[in-house]
$ cat final11.pdb   # PDB, C-alpha atoms and all ligand atoms
ATOM      1  CA  MET A 114      37.348 124.254  97.939  1.00  0.00           C
ATOM      2  CA  LYS A 115      36.889 127.719  96.362  1.00  0.00           C
ATOM      3  CA  LYS A 116      37.838 128.666  92.822  1.00  0.00           C
ATOM      4  CA  ILE A 117      38.507 132.121  91.438  1.00  0.00           C
ATOM      5  CA  VAL A 118      39.303 133.125  87.874  1.00  0.00           C
ATOM      6  CA  LEU A 119      41.805 135.845  87.000  1.00  0.00           C
ATOM      7  CA  LEU A 120      41.831 137.123  83.430  1.00  0.00           C
ATOM      8  CA  ARG A 121      44.185 139.667  81.918  1.00  0.00           C
ATOM      9  CA  HIS A 122      42.512 141.695  79.142  1.00  0.00           C
ATOM     10  CA  GLY A 123      43.038 140.658  75.512  1.00  0.00           C
ATOM     11  CA  GLU A 124      45.698 142.318  73.369  1.00  0.00           C
ATOM     12  CA  SER A 125      45.300 146.128  73.430  1.00  0.00           C
ATOM     13  CA  ILE A 126      46.319 148.606  70.737  1.00  0.00           C
ATOM     14  CA  TRP A 127      49.317 149.649  72.818  1.00  0.00           C
ATOM     15  CA  ASN A 128      50.265 146.020  73.550  1.00  0.00           C
ATOM     16  CA  LYS A 129      50.434 145.605  69.792  1.00  0.00           C
ATOM     17  CA  GLU A 130      52.460 148.810  69.374  1.00  0.00           C
ATOM     18  CA  ASN A 131      54.619 147.745  72.349  1.00  0.00           C
ATOM     19  CA  ARG A 132      54.046 150.957  74.335  1.00  0.00           C
ATOM     20  CA  PHE A 133      54.008 151.423  78.105  1.00  0.00           C
ATOM     21  CA  THR A 134      50.289 151.758  78.828  1.00  0.00           C
ATOM     22  CA  GLY A 135      49.503 152.006  82.546  1.00  0.00           C
ATOM     23  CA  TRP A 136      46.374 154.127  83.094  1.00  0.00           C
ATOM     24  CA  THR A 137      46.045 155.127  79.412  1.00  0.00           C
ATOM     25  CA  ASP A 138      42.585 154.003  78.316  1.00  0.00           C
ATOM     26  CA  VAL A 139      43.332 152.171  75.057  1.00  0.00           C
ATOM     27  CA  ASP A 140      40.943 149.663  73.507  1.00  0.00           C
ATOM     28  CA  LEU A 141      41.398 146.064  72.343  1.00  0.00           C
ATOM     29  CA  THR A 142      42.749 145.094  68.912  1.00  0.00           C
ATOM     30  CA  PRO A 143      40.774 142.600  66.749  1.00  0.00           C
ATOM     31  CA  LYS A 144      43.152 139.922  68.106  1.00  0.00           C
ATOM     32  CA  GLY A 145      42.352 141.068  71.669  1.00  0.00           C
ATOM     33  CA  ILE A 146      38.613 140.735  70.937  1.00  0.00           C
ATOM     34  CA  LYS A 147      39.226 137.208  69.683  1.00  0.00           C
ATOM     35  CA  GLU A 148      41.264 136.352  72.777  1.00  0.00           C
ATOM     36  CA  ALA A 149      38.477 137.610  75.058  1.00  0.00           C
ATOM     37  CA  ARG A 150      35.865 135.512  73.237  1.00  0.00           C
ATOM     38  CA  ASN A 151      38.158 132.502  73.357  1.00  0.00           C
ATOM     39  CA  ALA A 152      38.554 132.970  77.128  1.00  0.00           C
ATOM     40  CA  GLY A 153      34.751 132.790  77.414  1.00  0.00           C
ATOM     41  CA  ARG A 154      34.702 129.605  75.357  1.00  0.00           C
ATOM     42  CA  LEU A 155      37.438 127.962  77.429  1.00  0.00           C
ATOM     43  CA  LEU A 156      35.658 128.864  80.665  1.00  0.00           C
ATOM     44  CA  SER A 157      32.291 127.557  79.408  1.00  0.00           C
ATOM     45  CA  GLU A 158      33.841 124.328  78.168  1.00  0.00           C
ATOM     46  CA  ALA A 159      35.545 123.818  81.541  1.00  0.00           C
ATOM     47  CA  GLY A 160      32.161 124.248  83.263  1.00  0.00           C
ATOM     48  CA  PHE A 161      32.769 127.612  84.950  1.00  0.00           C
ATOM     49  CA  SER A 162      29.986 129.997  85.859  1.00  0.00           C
ATOM     50  CA  PHE A 163      30.063 133.170  87.985  1.00  0.00           C
ATOM     51  CA  ASP A 164      28.019 135.100  90.528  1.00  0.00           C
ATOM     52  CA  ILE A 165      30.009 138.355  90.524  1.00  0.00           C
ATOM     53  CA  ALA A 166      32.560 139.998  88.229  1.00  0.00           C
ATOM     54  CA  TYR A 167      35.199 142.573  89.136  1.00  0.00           C
ATOM     55  CA  THR A 168      37.142 144.760  86.774  1.00  0.00           C
ATOM     56  CA  SER A 169      38.989 148.062  86.488  1.00  0.00           C
ATOM     57  CA  VAL A 170      37.758 151.367  85.069  1.00  0.00           C
ATOM     58  CA  LEU A 171      39.799 150.892  81.872  1.00  0.00           C
ATOM     59  CA  LYS A 172      38.031 149.795  78.682  1.00  0.00           C
ATOM     60  CA  ARG A 173      40.476 147.073  77.617  1.00  0.00           C
ATOM     61  CA  ALA A 174      39.618 145.109  80.771  1.00  0.00           C
ATOM     62  CA  ILE A 175      35.923 146.059  80.777  1.00  0.00           C
ATOM     63  CA  ARG A 176      35.438 145.054  77.137  1.00  0.00           C
ATOM     64  CA  THR A 177      37.316 141.797  77.718  1.00  0.00           C
ATOM     65  CA  LEU A 178      34.924 141.025  80.559  1.00  0.00           C
ATOM     66  CA  TRP A 179      31.864 141.933  78.462  1.00  0.00           C
ATOM     67  CA  LEU A 180      33.004 139.687  75.598  1.00  0.00           C
ATOM     68  CA  THR A 181      33.836 136.811  77.934  1.00  0.00           C
ATOM     69  CA  LEU A 182      30.465 137.080  79.676  1.00  0.00           C
ATOM     70  CA  ASP A 183      28.680 137.398  76.334  1.00  0.00           C
ATOM     71  CA  VAL A 184      30.140 134.094  75.115  1.00  0.00           C
ATOM     72  CA  MET A 185      29.198 132.515  78.456  1.00  0.00           C
ATOM     73  CA  ASP A 186      25.633 133.915  78.239  1.00  0.00           C
ATOM     74  CA  LEU A 187      26.235 135.744  81.528  1.00  0.00           C
ATOM     75  CA  MET A 188      25.747 139.350  80.470  1.00  0.00           C
ATOM     76  CA  TRP A 189      23.211 139.828  83.268  1.00  0.00           C
ATOM     77  CA  LEU A 190      25.954 139.387  85.883  1.00  0.00           C
ATOM     78  CA  PRO A 191      26.634 142.261  88.319  1.00  0.00           C
ATOM     79  CA  ILE A 192      29.933 143.938  87.402  1.00  0.00           C
ATOM     80  CA  HIS A 193      31.910 145.954  89.934  1.00  0.00           C
ATOM     81  CA  ASN A 194      34.371 148.459  88.503  1.00  0.00           C
ATOM     82  CA  THR A 195      37.161 149.818  90.637  1.00  0.00           C
ATOM     83  CA  TRP A 196      40.196 152.006  89.918  1.00  0.00           C
ATOM     84  CA  ARG A 197      42.005 149.772  92.440  1.00  0.00           C
ATOM     85  CA  LEU A 198      42.158 147.071  89.745  1.00  0.00           C
ATOM     86  CA  ASN A 199      43.629 149.468  87.165  1.00  0.00           C
ATOM     87  CA  GLU A 200      46.962 148.673  85.594  1.00  0.00           C
ATOM     88  CA  ARG A 201      50.010 149.881  87.488  1.00  0.00           C
ATOM     89  CA  HIS A 202      50.528 153.560  86.653  1.00  0.00           C
ATOM     90  CA  TYR A 203      53.626 153.788  84.458  1.00  0.00           C
ATOM     91  CA  GLY A 204      54.366 157.472  85.164  1.00  0.00           C
ATOM     92  CA  ALA A 205      56.344 159.350  82.526  1.00  0.00           C
ATOM     93  CA  LEU A 206      56.957 156.122  80.565  1.00  0.00           C
ATOM     94  CA  GLN A 207      53.292 155.965  79.482  1.00  0.00           C
ATOM     95  CA  GLY A 208      53.124 156.177  75.678  1.00  0.00           C
ATOM     96  CA  LEU A 209      56.796 155.344  75.044  1.00  0.00           C
ATOM     97  CA  ASN A 210      57.743 152.312  72.976  1.00  0.00           C
ATOM     98  CA  LYS A 211      59.300 149.637  75.217  1.00  0.00           C
ATOM     99  CA  ALA A 212      61.970 148.398  72.775  1.00  0.00           C
ATOM    100  CA  GLU A 213      62.994 151.986  71.894  1.00  0.00           C
ATOM    101  CA  THR A 214      63.182 152.849  75.586  1.00  0.00           C
ATOM    102  CA  ALA A 215      65.382 149.778  76.119  1.00  0.00           C
ATOM    103  CA  ALA A 216      67.633 150.834  73.207  1.00  0.00           C
ATOM    104  CA  LYS A 217      67.991 154.270  74.841  1.00  0.00           C
ATOM    105  CA  PHE A 218      68.314 153.380  78.547  1.00  0.00           C
ATOM    106  CA  GLY A 219      69.428 149.721  78.315  1.00  0.00           C
ATOM    107  CA  ASP A 220      67.563 146.429  78.759  1.00  0.00           C
ATOM    108  CA  GLU A 221      68.603 146.280  82.414  1.00  0.00           C
ATOM    109  CA  GLN A 222      67.057 149.667  83.277  1.00  0.00           C
ATOM    110  CA  VAL A 223      63.823 148.816  81.456  1.00  0.00           C
ATOM    111  CA  LEU A 224      63.633 145.477  83.279  1.00  0.00           C
ATOM    112  CA  ILE A 225      63.962 147.386  86.578  1.00  0.00           C
ATOM    113  CA  TRP A 226      61.180 149.797  85.582  1.00  0.00           C
ATOM    114  CA  ARG A 227      58.942 146.971  84.357  1.00  0.00           C
ATOM    115  CA  ARG A 228      59.478 144.274  86.921  1.00  0.00           C
ATOM    116  CA  SER A 229      61.306 145.430  90.058  1.00  0.00           C
ATOM    117  CA  TYR A 230      59.045 145.356  93.091  1.00  0.00           C
ATOM    118  CA  ASP A 231      59.821 148.689  94.664  1.00  0.00           C
ATOM    119  CA  ILE A 232      61.549 150.956  92.136  1.00  0.00           C
ATOM    120  CA  ARG A 233      59.189 153.438  90.481  1.00  0.00           C
ATOM    121  CA  PRO A 234      59.463 154.652  86.893  1.00  0.00           C
ATOM    122  CA  PRO A 235      60.004 158.446  86.517  1.00  0.00           C
ATOM    123  CA  GLU A 236      56.903 160.333  87.722  1.00  0.00           C
ATOM    124  CA  LEU A 237      54.518 162.663  85.889  1.00  0.00           C
ATOM    125  CA  SER A 238      54.135 166.291  86.885  1.00  0.00           C
ATOM    126  CA  ILE A 239      50.575 167.274  87.797  1.00  0.00           C
ATOM    127  CA  GLU A 240      50.519 169.616  84.781  1.00  0.00           C
ATOM    128  CA  ASP A 241      51.135 166.661  82.453  1.00  0.00           C
ATOM    129  CA  GLU A 242      48.077 165.765  80.358  1.00  0.00           C
ATOM    130  CA  ARG A 243      48.640 162.111  81.317  1.00  0.00           C
ATOM    131  CA  TYR A 244      48.100 162.947  85.011  1.00  0.00           C
ATOM    132  CA  PRO A 245      44.765 161.299  85.980  1.00  0.00           C
ATOM    133  CA  GLY A 246      43.598 164.228  88.176  1.00  0.00           C
ATOM    134  CA  THR A 247      41.409 165.833  85.484  1.00  0.00           C
ATOM    135  CA  ASP A 248      39.718 162.592  84.360  1.00  0.00           C
ATOM    136  CA  ILE A 249      36.114 162.493  85.625  1.00  0.00           C
ATOM    137  CA  ARG A 250      36.231 158.797  86.368  1.00  0.00           C
ATOM    138  CA  TYR A 251      38.655 159.582  89.202  1.00  0.00           C
ATOM    139  CA  LYS A 252      36.769 162.587  90.597  1.00  0.00           C
ATOM    140  CA  ASN A 253      36.041 160.910  93.939  1.00  0.00           C
ATOM    141  CA  LEU A 254      39.686 160.074  94.608  1.00  0.00           C
ATOM    142  CA  ASN A 255      41.763 162.395  96.732  1.00  0.00           C
ATOM    143  CA  ARG A 256      45.139 163.739  95.696  1.00  0.00           C
ATOM    144  CA  SER A 257      47.086 161.206  97.745  1.00  0.00           C
ATOM    145  CA  GLU A 258      45.321 158.322  95.949  1.00  0.00           C
ATOM    146  CA  LEU A 259      46.022 159.644  92.447  1.00  0.00           C
ATOM    147  CA  PRO A 260      49.306 158.178  91.226  1.00  0.00           C
ATOM    148  CA  ARG A 261      51.952 160.087  89.284  1.00  0.00           C
ATOM    149  CA  THR A 262      53.853 156.800  88.935  1.00  0.00           C
ATOM    150  CA  GLU A 263      53.736 153.412  90.674  1.00  0.00           C
ATOM    151  CA  CYS A 264      55.986 150.474  91.382  1.00  0.00           C
ATOM    152  CA  LEU A 265      54.361 147.065  91.925  1.00  0.00           C
ATOM    153  CA  LYS A 266      54.531 147.622  95.689  1.00  0.00           C
ATOM    154  CA  ASP A 267      52.288 150.698  95.288  1.00  0.00           C
ATOM    155  CA  THR A 268      49.835 148.671  93.182  1.00  0.00           C
ATOM    156  CA  VAL A 269      49.742 145.947  95.847  1.00  0.00           C
ATOM    157  CA  ALA A 270      49.073 148.628  98.496  1.00  0.00           C
ATOM    158  CA  ARG A 271      46.112 150.158  96.635  1.00  0.00           C
ATOM    159  CA  PHE A 272      44.611 146.851  95.490  1.00  0.00           C
ATOM    160  CA  LEU A 273      44.887 144.769  98.672  1.00  0.00           C
ATOM    161  CA  PRO A 274      42.279 146.694 100.702  1.00  0.00           C
ATOM    162  CA  TYR A 275      39.771 146.002  97.923  1.00  0.00           C
ATOM    163  CA  TRP A 276      40.687 142.318  97.875  1.00  0.00           C
ATOM    164  CA  LYS A 277      40.479 141.988 101.649  1.00  0.00           C
ATOM    165  CA  ASN A 278      37.341 144.050 102.262  1.00  0.00           C
ATOM    166  CA  ILE A 279      35.282 143.454  99.127  1.00  0.00           C
ATOM    167  CA  ILE A 280      36.339 140.434  97.060  1.00  0.00           C
ATOM    168  CA  ALA A 281      37.704 137.944  99.621  1.00  0.00           C
ATOM    169  CA  PRO A 282      34.511 137.982 101.789  1.00  0.00           C
ATOM    170  CA  GLN A 283      32.456 137.118  98.688  1.00  0.00           C
ATOM    171  CA  VAL A 284      34.791 134.241  97.822  1.00  0.00           C
ATOM    172  CA  GLN A 285      34.638 133.050 101.413  1.00  0.00           C
ATOM    173  CA  SER A 286      30.843 133.088 101.351  1.00  0.00           C
ATOM    174  CA  GLY A 287      30.931 130.677  98.380  1.00  0.00           C
ATOM    175  CA  LYS A 288      30.401 133.088  95.470  1.00  0.00           C
ATOM    176  CA  ASN A 289      32.074 132.238  92.156  1.00  0.00           C
ATOM    177  CA  ILE A 290      33.988 135.259  90.974  1.00  0.00           C
ATOM    178  CA  ILE A 291      35.963 136.421  87.950  1.00  0.00           C
ATOM    179  CA  ILE A 292      38.464 139.285  88.086  1.00  0.00           C
ATOM    180  CA  THR A 293      39.288 140.777  84.700  1.00  0.00           C
ATOM    181  CA  ALA A 294      42.196 143.167  85.022  1.00  0.00           C
ATOM    182  CA  HIS A 295      45.748 143.938  83.900  1.00  0.00           C
ATOM    183  CA  GLY A 296      49.208 142.382  83.770  1.00  0.00           C
ATOM    184  CA  ASN A 297      50.516 144.180  86.826  1.00  0.00           C
ATOM    185  CA  SER A 298      47.363 144.523  88.930  1.00  0.00           C
ATOM    186  CA  LEU A 299      46.987 140.744  88.561  1.00  0.00           C
ATOM    187  CA  ARG A 300      50.676 140.238  89.401  1.00  0.00           C
ATOM    188  CA  ALA A 301      49.919 142.162  92.604  1.00  0.00           C
ATOM    189  CA  LEU A 302      47.201 139.657  93.500  1.00  0.00           C
ATOM    190  CA  VAL A 303      49.265 136.618  92.457  1.00  0.00           C
ATOM    191  CA  LYS A 304      52.171 137.866  94.600  1.00  0.00           C
ATOM    192  CA  TYR A 305      49.875 138.188  97.589  1.00  0.00           C
ATOM    193  CA  LEU A 306      48.027 134.862  97.133  1.00  0.00           C
ATOM    194  CA  ASP A 307      51.148 132.783  96.425  1.00  0.00           C
ATOM    195  CA  ASN A 308      53.290 134.735  98.888  1.00  0.00           C
ATOM    196  CA  ILE A 309      55.934 135.280  96.186  1.00  0.00           C
ATOM    197  CA  SER A 310      59.080 137.106  97.307  1.00  0.00           C
ATOM    198  CA  ASP A 311      59.878 140.646  96.125  1.00  0.00           C
ATOM    199  CA  GLN A 312      62.730 139.125  94.104  1.00  0.00           C
ATOM    200  CA  ASP A 313      60.860 136.211  92.489  1.00  0.00           C
ATOM    201  CA  ILE A 314      57.902 138.316  91.344  1.00  0.00           C
ATOM    202  CA  LEU A 315      60.324 139.752  88.761  1.00  0.00           C
ATOM    203  CA  ASN A 316      59.935 136.541  86.729  1.00  0.00           C
ATOM    204  CA  CYS A 317      56.143 136.510  86.732  1.00  0.00           C
ATOM    205  CA  ASN A 318      54.608 137.504  83.386  1.00  0.00           C
ATOM    206  CA  ILE A 319      50.883 137.118  82.781  1.00  0.00           C
ATOM    207  CA  PRO A 320      49.768 136.618  79.153  1.00  0.00           C
ATOM    208  CA  THR A 321      46.735 138.375  77.614  1.00  0.00           C
ATOM    209  CA  GLY A 322      43.323 136.736  77.425  1.00  0.00           C
ATOM    210  CA  ILE A 323      44.096 133.398  79.093  1.00  0.00           C
ATOM    211  CA  PRO A 324      42.039 132.427  82.164  1.00  0.00           C
ATOM    212  CA  LEU A 325      44.178 131.755  85.243  1.00  0.00           C
ATOM    213  CA  ILE A 326      42.386 129.528  87.730  1.00  0.00           C
ATOM    214  CA  TYR A 327      43.148 129.531  91.460  1.00  0.00           C
ATOM    215  CA  GLU A 328      41.837 126.767  93.701  1.00  0.00           C
ATOM    216  CA  LEU A 329      41.825 127.988  97.307  1.00  0.00           C
ATOM    217  CA  ASP A 330      41.176 126.432 100.697  1.00  0.00           C
ATOM    218  CA  ASP A 331      38.724 127.937 103.206  1.00  0.00           C
ATOM    219  CA  GLU A 332      41.391 130.398 104.392  1.00  0.00           C
ATOM    220  CA  LEU A 333      41.926 131.399 100.744  1.00  0.00           C
ATOM    221  CA  ILE A 334      45.374 129.824 100.673  1.00  0.00           C
ATOM    222  CA  PRO A 335      46.087 128.515  97.149  1.00  0.00           C
ATOM    223  CA  LEU A 336      45.982 124.730  96.696  1.00  0.00           C
ATOM    224  CA  ARG A 337      46.952 125.008  93.038  1.00  0.00           C
ATOM    225  CA  SER A 338      46.764 127.377  90.100  1.00  0.00           C
ATOM    226  CA  TYR A 339      46.814 126.803  86.358  1.00  0.00           C
ATOM    227  CA  TYR A 340      46.066 128.457  83.029  1.00  0.00           C
ATOM    228  CA  LEU A 341      43.255 127.090  80.854  1.00  0.00           C
ATOM    229  CA  GLY A 342      44.286 126.141  77.321  1.00  0.00           C
ATOM    230  CA  ASP A 343      47.247 124.864  75.340  1.00  0.00           C
ATOM    231  CA  GLN A 344      50.181 124.858  77.802  1.00  0.00           C
ATOM    232  CA  THR A 345      52.910 125.228  75.136  1.00  0.00           C
ATOM    233  CA  LEU A 346      51.210 128.271  73.618  1.00  0.00           C
ATOM    234  CA  ILE A 347      50.782 129.728  77.104  1.00  0.00           C
ATOM    235  CA  GLN A 348      54.522 129.333  77.872  1.00  0.00           C
ATOM    236  CA  ASP A 349      55.320 131.108  74.580  1.00  0.00           C
ATOM    237  CA  ALA A 350      52.867 133.893  75.400  1.00  0.00           C
ATOM    238  CA  MET A 351      54.527 134.436  78.813  1.00  0.00           C
ATOM    239  CA  GLN A 352      57.971 134.570  77.189  1.00  0.00           C
ATOM    240  CA  GLN A 353      56.676 137.111  74.664  1.00  0.00           C
ATOM    241  CA  VAL A 354      55.508 139.377  77.494  1.00  0.00           C
ATOM    242  CA  ALA A 355      58.955 139.104  79.112  1.00  0.00           C
ATOM    243  CA  ASN A 356      60.651 139.984  75.790  1.00  0.00           C
ATOM    244  CA  GLN A 357      58.624 143.154  75.196  1.00  0.00           C
ATOM    245  CA  GLY A 358      61.082 145.224  77.212  1.00  0.00           C
ATOM    246  CA  ARG A 359      64.168 144.194  75.238  1.00  0.00           C
ATOM    247  CA  SER A 360      65.830 146.343  72.616  1.00  0.00           C
ATOM    248  CA  ALA A 361      65.738 144.926  69.099  1.00  0.00           C
ATOM    249  CA  GLY A 362      69.496 144.475  68.847  1.00  0.00           C
TER     250      GLY A 362
HETATM  251  O1  LIG A 401      52.404 148.694  79.569  1.00  0.00           O
HETATM  252  C1  LIG A 401      51.781 148.284  80.564  1.00  0.00           C
HETATM  253  O2  LIG A 401      50.988 148.967  81.212  1.00  0.00           O
HETATM  254  C2  LIG A 401      52.024 146.843  81.032  1.00  0.00           C
HETATM  255  C3  LIG A 401      50.957 145.909  80.584  1.00  0.00           C
HETATM  256  O3  LIG A 401      50.705 145.950  79.224  1.00  0.00           O
HETATM  257  O4  LIG A 401      53.236 146.421  80.489  1.00  0.00           O
HETATM  258  P1  LIG A 401      54.429 145.633  81.194  1.00  0.00           P
HETATM  259  O5  LIG A 401      54.236 144.200  80.874  1.00  0.00           O
HETATM  260  O6  LIG A 401      55.634 146.240  80.477  1.00  0.00           O
HETATM  261  O7  LIG A 401      54.443 145.961  82.650  1.00  0.00           O
END
$ encode --input "final11.pdb" --output "structure tokens" --more "lines below"
Ligand SMILES: O=C(O)[C@@H](CO)OP(=O)(O)O
Amino acid sequence: MKKIVLLRHGESIWNKENRFTGWTDVDLTPKGIKEARNAGRLLSEAGFSFDIAYTSVLKRAIRTLWLTLDVMDLMWLPIHNTWRLNERHYGALQGLNKAETAAKFGDEQVLIWRRSYDIRPPELSIEDERYPGTDIRYKNLNRSELPRTECLKDTVARFLPYWKNIIAPQVQSGKNIIITAHGNSLRALVKYLDNISDQDILNCNIPTGIPLIYELDDELIPLRSYYLGDQTLIQDAMQQVANQGRSAG
């Protein structure tokens, strides 16, 4: 049996401010730092160790991984950063407050933008300062790879080649791996692994800073998956993520 660990970054500044984040490179809050350290503790206590780590090119995920590995005394571990694990690009919604956007456009519309599988949020123009084309970390990407907005289906399409060609062969060869990434890039992987329908993925919300363990057979088909930690708190944390897109009244 193979095991992989998926970890969403700890609380970020824009999680706390309830803003659509996407590819915006915001850092962790003090609570997010604590969550990342706690993830390391939970993993150590459960006897996990790793051979390779994968993360995005966004600091909230990178720092979460560093803190987790620090607690586990694994800072020497090779880390592979890829834009393919970045959060889903939220287009022109990036920076807007989620509850205010729901008050303006309705809870239903915001739920569609946040969780529908194949409907994209409004896109950025390439002149917009939020467009990733001028950011040096993406200089080797071509125009067609640089998103102006993404739905989850787009995130699945850009992440899956990396899973299939880079990560899955390592898992199959027996390496223990951790993937530290984002709510929606991890939903993309969960959808693929568990073969969740386009409709049902709407109800999947991944909380910050809680290790999600997948046990897989030799074909990398999941045998079971579970979060490490207090299960009641985890259910609450998932519900909180779902509620972020609701208007206050
Ligand atoms: O804003 C974002 O980029 C994501 C993750 O924080 O949010 P949501 O859960 O609304 O998809």
$ residues_around --input "final11.pdb" --residues "range 189-193 of chain A" --least-positions-apart "3" --cutoff "12 Å" --atoms "all atoms listed in the file" --output "VMD selection string"
chain A and resid 162 to 170 174 to 176 178 to 179 181 to 183 185 to 186 196 to 198 275 279 to 280 289 to 294
$ residues_near_ligand --input "final11.pdb" --ligand "ligand LIG 401 (chain A)" --cutoff "7 Å" --atoms "all atoms listed in the file" --output "list in words"
Asn128, Arg132, Phe133, Thr134, Gly135, Glu200, Arg201, Tyr203, Arg227, Arg228, His295, Gly296, Asn297, Val354, Gln357 and Gly358 of chain A
$ closest_residue --input "final11.pdb" --among "A:Lys288, A:Lys115, A:Arg173, A:Lys144" --to "Glu332 in chain A" --atoms "only C-alpha atoms"
A:Lys115
$ resolve_selection --input "final11.pdb" --expression "the PyMOL selection byres (((chain A and resi 266) around 9) and not hetatm)" --output "tab-separated table (two decimals) with C-alpha atoms, in the frame of the given file"
chain	number	residue	atom	x	y	z
A	230	TYR	CA	59.04	145.36	93.09
A	231	ASP	CA	59.82	148.69	94.66
A	232	ILE	CA	61.55	150.96	92.14
A	263	GLU	CA	53.74	153.41	90.67
A	264	CYS	CA	55.99	150.47	91.38
A	265	LEU	CA	54.36	147.06	91.92
A	267	ASP	CA	52.29	150.70	95.29
A	268	THR	CA	49.84	148.67	93.18
A	269	VAL	CA	49.74	145.95	95.85
A	270	ALA	CA	49.07	148.63	98.50
A	271	ARG	CA	46.11	150.16	96.64
A	301	ALA	CA	49.92	142.16	92.60
A	311	ASP	CA	59.88	140.65	96.12
$ resolve_selection --input "final11.pdb" --expression "the PyMOL selection byres (((chain A and resi 205-218) around 10) and not hetatm)" --output "PyMOL selection string"
chain A and resi 127-128+130-137+202-204+219-224+226-227+234-238+241+243-244+261-262+356-362
$ closest_residue --input "final11.pdb" --among "A:Arg250, A:Arg150, A:Glu328, A:Asp307" --to "Asn194 in chain A" --atoms "only C-alpha atoms"
A:Arg250
$ atom_distance --input "final11.pdb" --atom1 "CA of Gln352 in chain A" --atom2 "CA of Lys172 in chain A"
25.1 Å
$ atom_distance --input "final11.pdb" --atom1 "CA of Met351 in chain A" --atom2 "CA of Ser229 in chain A"
17.1 Å
$ atom_distance --input "final11.pdb" --atom1 "CA of Lys252 in chain A" --atom2 "CA of Ile239 in chain A"
14.8 Å
$ resolve_selection --input "final11.pdb" --expression "the PyMOL selection byres (((chain A and resi 319-322) around 7) and not hetatm)" --output "count of residues only"
16
$ closest_residue --input "final11.pdb" --among "A:Leu187, A:Pro245, A:Leu254, A:Gln353" --to "Ser157 in chain A" --atoms "all atoms listed in the file"
A:Leu187
$ axis_aligned_box --input "final11.pdb" --around "range 255-265 of chain A" --padding-each-side "5 Å" --output "lines of an AutoDock Vina configuration file"
center_x = 48.9
center_y = 155.4
center_z = 93.3
size_x = 24.2
size_y = 26.7
size_z = 18.8
$ closest_residue --input "final11.pdb" --among "A:Leu119, A:Leu171, A:Leu259, A:Met114" --to "Tyr339 in chain A" --atoms "all atoms listed in the file"
A:Leu119
$ residues_around --input "final11.pdb" --residues "Arg337 in chain A" --least-positions-apart "2" --cutoff "10 Å" --atoms "all atoms listed in the file" --output "ChimeraX atom specification"
/A:116,307,326-330,334-335,339
$ write_last_selection --input "final11.pdb" --atoms "C-alpha atoms" --output "PDB file, keeping the file's coordinate frame"
ATOM      1  CA  LYS A 116      37.838 128.666  92.822  1.00  0.00           C
ATOM      2  CA  ASP A 307      51.148 132.783  96.425  1.00  0.00           C
ATOM      3  CA  ILE A 326      42.386 129.528  87.730  1.00  0.00           C
ATOM      4  CA  TYR A 327      43.148 129.531  91.460  1.00  0.00           C
ATOM      5  CA  GLU A 328      41.837 126.767  93.701  1.00  0.00           C
ATOM      6  CA  LEU A 329      41.825 127.988  97.307  1.00  0.00           C
ATOM      7  CA  ASP A 330      41.176 126.432 100.697  1.00  0.00           C
ATOM      8  CA  ILE A 334      45.374 129.824 100.673  1.00  0.00           C
ATOM      9  CA  PRO A 335      46.087 128.515  97.149  1.00  0.00           C
ATOM     10  CA  TYR A 339      46.814 126.803  86.358  1.00  0.00           C
TER      11      TYR A 339
END
$ closest_residue --input "final11.pdb" --among "A:Leu299, A:Glu242, A:Val184, A:Leu306" --to "Ser338 in chain A" --atoms "all atoms listed in the file"
A:Leu306
$ closest_residue --input "final11.pdb" --among "A:Phe272, A:Asp331, A:Ile126, A:Asp248" --to "Lys304 in chain A" --atoms "all atoms listed in the file"
A:Phe272
